[in-house]
Amino acid sequence: MTLRRWWPVLLIVPAFVLFLAYLRMSRAVTVNSDGASNALQAWDLFHGNLLLRGWTLSDVSFYPTELIQYGLIQLVTGVTTDQIHIAAALSWTLVVCLAAWLAHTVVAAKPNASVSTALPPAPPHSQPATPTAPVTAGPDEPTTPTTTRDSPSPASTSPTATASSSDPPGGATADGGPVSPLGRLKGALVGGGWLPVAIAVAIVVLPAPGYSYQTLLSSPNHTGSAVPLLITWLLIDRARDRPWLPFAVAIVLAWGAMGDPLITFVGAAPLIVVCAYRALLARSARGPDARLAAAGIASVILSHGVLWLIERLGGFRAPKPPIEFSPLEAWPDRAHAVTRMIGILFGTVRPGIQAPWVETTLQLVRLPGLLLAIVAVLVTAVAALRGTADRVDAILAAAIVCDVAAEIVSTLPSDLMATREVVPVLPMAAVLAARVTTRWLRGPSPTPLRVRLRVAAQSLSAAVLAVLLVGLAGYVPPRAAPVEGQEAADWLRSRGLRYGLGSYWVSNNITVGTGRQVTVVPTLSGDGELLGMCWQTHTDMFDPAKHDARFVLLEKQRPFYGTPEDVVTQYGPPVERKDFDLYVIFVYDKNLLEDFTPTC
């Protein structure tokens, strides 16, 4: 019996344990209206409204991605707040596993991914004479050099082979006999095959409480968008010369970009730029890099085309993302804000929620991962410009730079809650740090210094990972209230008030949190009155023939969504008013949807 038969168990068991830990963390975050809106849309999608007719979504629709995930989970849980926590935990578990997988591929990577190996073969007259004929290759493949007595074999000169030449063979003992499963496992550990996995997992495995929980383990915040990105890079890494690869890449990127336009900038754009540059260096318009660049362009066309078709068929509407350049003088401040966002993701900017010694320890433990990632991006960028970088490494570095740079130069929000905009940086940086570090430690020349550093890296990675796993298992965050505005929701339910209007952040989340016993429809303040909000709403929500709205729920600190003056001006004095610290409720004895002005 070999370990190969047991790899599903070896993968599923720790993944399930991670899922349970992340579910516990996710439940420490109150469900907001964003995730609740997606839950309502997923329910409608899985109950016959395949094009989500009548819905106006957010500028990130999540239509073919998280909405599908939500709908599948709802088949078991129904529309509940816990369904949102389950989806968040599952998404981050997938991200961690895919990052580990992509990091590990460097161990068995083919030594033919740099531009130098993809260059066209030299003319016959410039080839050195050899007694044997060269082995020819296809038009898009590198020429395989012939092994002669005076030239080393390709296998002996590859970084992977060189580094593993001192390791015991994985399939046989010193006397040629078969190796037991335990021996195979020992060989993998001693040989360092687990090192890139340990580095990548150590960087991503333990989100910090506070902003990191809210970003990585709550409503869809571009977190799940890392899944199609990592799948794409895995395809490029593992199926390098397969003829179907460009088609698969175009489809996966288009699938992701339909749900999240960020993938166009962090996935398609770096793929196009990197592969087009490599094709230019290789002077090949028909090679694998040229085909991958074309796949990136095709993914953009395909995603926009499908969304255009859905809207023309009467499906959902999605506002365009507010993408504009910020003033040049704002860039330094925005750059500083982005560095704090990156620190939150990597766990080096701590929220101060846990004990000081715990915060300090975890901060120091997480710092090497951030430094490795920075060095890996810089080293890969230089190598990519020289044409010597691995294809996937170059794409990862370009994607990281694109995401960070876009946040700095755009007008997207730059507060700490906007950390969601740079979420894909974390898993991609973890993978790049693991691949670059492992490749350097494994070759091309196994000097005594490299061997010692390799052993030290294995020991340090094991220690860091152990500390983080202890933190993952040992910290039990307090469970949060189910939804924002829970006290207002409880009061409305106790009074038998079933339908009303309200501020966005206490609207759809209350609808989901009460199991639709209380429905709150999002509103805006406009010209001294309440207006229907064209964001995460359905046109039927404002139909007075279908619904009888008898209350207005407002947030005192967010007048943008409506003010008490708006309500009184529009509807007159209420029959009852209930004040909370953060909220106020106006109750009426008439249907507030009569003569209401929806803006959609």
# chains A, B, ... in the order shown; residues from 1 in each chain; ligands from 1

$ select_by_dssp --residues "stretch 294-503 of chain A" --states "helix (DSSP H, G or I)" --output "PyMOL selection string"
chain A and resi 294-312+328-346+356-386+391-409+416-422+425-442+448-474+486-494

$ closest_residue --among "A:Ala318, A:Ile263, A:Leu497, A:Val464" --to "A:Leu364" --atoms "only C-alpha atoms"
A:Val464

$ atom_distance --atom1 "atom CA of A:Cys402" --atom2 "atom CA of A:Ser91"
22.8 Å

$ residues_around --residues "stretch 560-563 of chain A" --least-positions-apart "4" --cutoff "10 Å" --atoms "only C-alpha atoms" --output "MDAnalysis selection string"
chainID A and resid 501:505 522:526 528:533 552:556 567:569 584

$ atom_distance --atom1 "atom CA of A:Gly210" --atom2 "atom CA of A:Val467"
19.8 Å

$ residues_around --residues "A:Trp43" --least-positions-apart "3" --cutoff "6 Å" --atoms "only C-alpha atoms" --output "ChimeraX atom specification"
/A:40,46,71

$ closest_residue --among "A:Leu378, A:Ala226, A:Ala473, A:Ile342" --to "A:Leu416" --atoms "only C-alpha atoms"
A:Ile342

$ residues_around --residues "A:Leu94" --least-positions-apart "6" --cutoff "9 Å" --atoms "only C-alpha atoms" --output "NGL selection string"
:A and (15 or 19 or 224 or 227)

$ atom_distance --atom1 "atom CA of A:Ala28" --atom2 "atom CA of A:Arg350"
16.6 Å

$ closest_residue --among "A:Leu206, A:Leu441, A:Ala298, A:Ala268" --to "A:Arg366" --atoms "only C-alpha atoms"
A:Leu206

$ residues_around --residues "A:Asp241" --least-positions-apart "2" --cutoff "10 Å" --atoms "only C-alpha atoms" --output "mmCIF file with N, CA, C and O atoms, in the first residue's frame"
data_model
loop_
_atom_site.group_PDB
_atom_site.id
_atom_site.type_symbol
_atom_site.label_atom_id
_atom_site.label_comp_id
_atom_site.auth_asym_id
_atom_site.auth_seq_id
_atom_site.Cartn_x
_atom_site.Cartn_y
_atom_site.Cartn_z
ATOM 1 N N ASP A 140 6.270 24.874 -30.827
ATOM 2 C CA ASP A 140 6.051 25.696 -29.641
ATOM 3 C C ASP A 140 6.773 25.150 -28.426
ATOM 4 O O ASP A 140 6.516 25.559 -27.302
ATOM 5 N N GLU A 141 7.614 24.172 -28.606
ATOM 6 C CA GLU A 141 8.295 23.555 -27.489
ATOM 7 C C GLU A 141 9.792 23.806 -27.603
ATOM 8 O O GLU A 141 10.344 23.922 -28.702
ATOM 9 N N ILE A 236 -1.932 26.915 -15.469
ATOM 10 C CA ILE A 236 -0.765 27.341 -16.243
ATOM 11 C C ILE A 236 0.488 26.613 -15.790
ATOM 12 O O ILE A 236 1.361 26.268 -16.593
ATOM 13 N N ASP A 237 0.591 26.338 -14.494
ATOM 14 C CA ASP A 237 1.783 25.697 -13.953
ATOM 15 C C ASP A 237 1.817 24.199 -14.243
ATOM 16 O O ASP A 237 2.881 23.642 -14.519
ATOM 17 N N ARG A 238 0.648 23.542 -14.185
ATOM 18 C CA ARG A 238 0.629 22.082 -14.295
ATOM 19 C C ARG A 238 0.358 21.589 -15.715
ATOM 20 O O ARG A 238 0.697 20.455 -16.042
ATOM 21 N N ALA A 239 -0.298 22.413 -16.532
ATOM 22 C CA ALA A 239 -0.627 21.970 -17.893
ATOM 23 C C ALA A 239 0.042 22.890 -18.895
ATOM 24 O O ALA A 239 -0.588 23.438 -19.787
ATOM 25 N N PRO A 243 -2.614 21.615 -25.376
ATOM 26 C CA PRO A 243 -3.285 22.462 -26.370
ATOM 27 C C PRO A 243 -4.562 23.111 -25.855
ATOM 28 O O PRO A 243 -4.975 24.156 -26.358
ATOM 29 N N TRP A 244 -5.194 22.493 -24.860
ATOM 30 C CA TRP A 244 -6.448 23.048 -24.339
ATOM 31 C C TRP A 244 -6.229 24.110 -23.268
ATOM 32 O O TRP A 244 -7.192 24.737 -22.803
ATOM 33 N N LEU A 245 -4.977 24.342 -22.861
ATOM 34 C CA LEU A 245 -4.708 25.261 -21.746
ATOM 35 C C LEU A 245 -5.244 26.674 -21.990
ATOM 36 O O LEU A 245 -5.910 27.235 -21.106
ATOM 37 N N PRO A 246 -4.993 27.315 -23.136
ATOM 38 C CA PRO A 246 -5.511 28.679 -23.311
ATOM 39 C C PRO A 246 -7.029 28.765 -23.184
ATOM 40 O O PRO A 246 -7.563 29.744 -22.648
ATOM 41 N N GLY A 287 3.795 30.793 -29.903
ATOM 42 C CA GLY A 287 4.207 29.962 -28.787
ATOM 43 C C GLY A 287 3.203 29.970 -27.653
ATOM 44 O O GLY A 287 2.159 30.631 -27.700
ATOM 45 N N PRO A 288 3.492 29.247 -26.564
ATOM 46 C CA PRO A 288 2.558 29.159 -25.431
ATOM 47 C C PRO A 288 2.296 30.502 -24.781
ATOM 48 O O PRO A 288 1.171 30.765 -24.336
ATOM 49 N N ASP A 289 3.302 31.367 -24.698
ATOM 50 C CA ASP A 289 3.067 32.670 -24.079
ATOM 51 C C ASP A 289 2.126 33.524 -24.908
ATOM 52 O O ASP A 289 1.248 34.204 -24.370
#

$ residues_around --residues "A:Gln363" --least-positions-apart "3" --cutoff "7 Å" --atoms "only C-alpha atoms" --output "count of residues only"
7

$ closest_residue --among "A:Ala208, A:Leu328, A:Leu271, A:Trp101" --to "A:Ala294" --atoms "only C-alpha atoms"
A:Leu271
